[in-house]
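Peer 1: First the structure, which I've put down as structure tokens, then a few questions once you've had a look.
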Amino acid sequence: MAHEMDLVIRGGTVIDGTGKPGFEADVAVKDGAIVEVGKVAASGAEEIDARGQIVTPGFVDIHTHYDGQAVWDSHLAPSSWHGVTTAIMGNCGVGFAPCKPDDRERLIELMEGVEDIPAPVMHEGLDWNWLSFGDYLDALDRKPRDIDIGALLPHSAVRVFVMGERATFQENANQADIAQMGQIATEAMKAGAFGFSTSRTISHKTLAGEYIPTLRAQEEELTGIAMGVRAAGAGMLELVSDWNQPDPATEFAMARRVVEKTGLPMVFTLNQRHDRTEVWRELLNLSDQAAADGLTMRPVFPPRPVGILLGLQGTQNPFSGCPSYKKISHLPVPERVAAMRDPELRRQILSEDPIKESTFPLIHRIGYDWMFPFEEPLNYEPAKANAITQIAAREGRSAPEVAYDLLIADEGKNFILAAVVNYAHYNLKPVEEFLAHKNAIMGLGDGGAHVGFISDANFQTFMLTHWGRDRATGRVALEELVRRQTSDTAHAVGLFDRGVIAPGKKADLNVIDFANLQLQRPYIVFDLPAGGRRLLQKATGYTATVKAGAVTFRDGEATGALPGKLLRGGPAIAA
């Protein structure tokens, strides 16, 4: 008997991505598109019983770094484990195209330092069968995936391609350089780039301590490249900045002039820094003023502290820079734990400076005041009393001693959560304001990056569980949390064919057992090219994820379906 529909999801509470109240309905899918939402009489070749569960659009994540993984892997985990069906990569101005053969090592060094993807992984995983950005997109287009991906043109790659070593020496671009970069931007947009990304933060550097080539790029250079984007008729800008050259208002004014001259929409990263705790308010107000003046300059914020997970299993811990620890860092974790239990080695490591010989770019932004034991049940909003310094004070020990003992407990499987941003006052009040702010966008999960010490590609699950269900106060309506990571993010990058459950939209969907949705404990695997390690974190409660009408995950397990494709294009530019 022939079925009229390819898939029917029956009886779930549809939270359609627009923000309006959820409603009980069936969702019917045919040929990769949603064709009916309501009481569906037709049968499906496959049917999913969603009674007692929620049905959402597939999540759209606009800030990821799958630039390398997308070359060698069809499964873009961990994002695809958390209901993401579309991801935009190439953020923060780093990536692998355009690239001349002689510059490959330089781009690998940048990605290793900025995004913590080990160089051996990239050397083995990247086939480098591209020169231009269009060539790179063509290479991506040849591989099927479990999600759709789109890519931004990264400024560092463009700058190195045009200027060579002069780019890494922070030289100003000349007129010929700018003209060539603008032409590359035009060609990249015509080939299918979603826009252009750049970084102006000192946190982005190689392991050798060299700053990202774009750190001090002049306004004239940024404008010239952005005009190249505009010449193609579509595209956006993505900006990462410290907002301190010389101050937030001056830096924002420069970015605003680029937007004013080009008419391009811009997104920029925003969080509460622990050293300048109120700057985010100023930037939020400046973005509001831009919006009132008809300019699109939207902040992108993380929904919790950006959490560095320090542990013996990962790539970083509080003692990684200590000479005595470095001597044993190559040992398997059980042997390292046994060595660290030796009283003499313990005394020696605790006596050494962990910063002087550290290669960790963020070492100066973490401290024991904002480090917490990260144990089950997982707590991303820990009380100040649980900070390692507070524990040390209560127990009459030093903070390093407490951290040391936490690391070797549970046979070295423990992690310490180091809150880097959004937790200056030991609460998430800044995030509450971000979530109440319609101009702000949820993001910065960095899927595909920081593989050895950050596990934030689960923001989608965290948003639903923490802000929508588990928090004692200040919970946010589930409909708004879904809108935040579906239609809002999709529309921000010019994707209007998804992010909403309605007839005619792409059949990207999640069926979620919301009552039982839960993040699991992070763990390390060695499944990257060259045996590289990465930190992963799964969730329970995803009954099914559907990509373009095909079920890609059932109960958290991949079905083998790979309907994901490379997306080409970006936001159309107003005339």
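Simple scheme: letters A, B, ... for chains in structure tokens order, numbers from 1 for residues in each chain, numbers from 1 for ligands in the order shown.
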Using only C-alpha atoms, determine which residues lie at most 12 Å from Ala173 (chain A), disregarding the query and same-chain residues fewer than 4 positions distant; provide the list as number ranges by chain.
Peer 2: A: 158-160, 162-169, 177-182, 213-214, 216-225
Peer 1: Can you check which residues of region 245-454 of chain A DSSP gives as helix (DSSP H, G or I) on the backbone and send them as number ranges by chain?
Peer 2: A: 248-262, 279-292, 323-326, 333-340, 343-351, 363-365, 368-370, 384-386, 388-395, 399-412, 429-435
Peer 1: Using only C-alpha atoms, can you tell me which of A:Ser487, A:Gln313, A:Ser203, A:Gln170 comes closest to Lys20 (chain A)?
Peer 2: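 Counting only C-alpha atoms, the residue closest to Lys20 (chain A) is A:Ser487.
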Peer 1: Return the single residue from A:Leu7, A:Lys190, A:His82, A:Pro302 that is closest to Gly32 (chain A), with distances computed using only C-alpha atoms.
Peer 2: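 Checking each candidate against Gly32 (chain A), we get A:Leu7 as the closest.
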Peer 1: Which neighbours of Gly448 (chain A) fall inside 7 Å, counting only C-alpha atoms, when residues of the same chain fewer than 2 positions from it are skipped, and could you give them as a list in words?
Peer 2: Thr64, His65, Tyr66, Gln69, Asp446 and Val451 of chain A
Peer 1: In Å, with one decimal, what is the gap from CA of Trp128 (chain A) to CA of Pro101 (chain A)?
Peer 2: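 Separation of CA of Trp128 (chain A) and CA of Pro101 (chain A): 8.2 Å.
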Peer 1: One decimal, in Å: what's the spacing between CA of Thr250 (chain A) and CA of Thr198 (chain A)?
Peer 2: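 Going from CA of Thr250 (chain A) over to CA of Thr198 (chain A), I get 17.4 Å.
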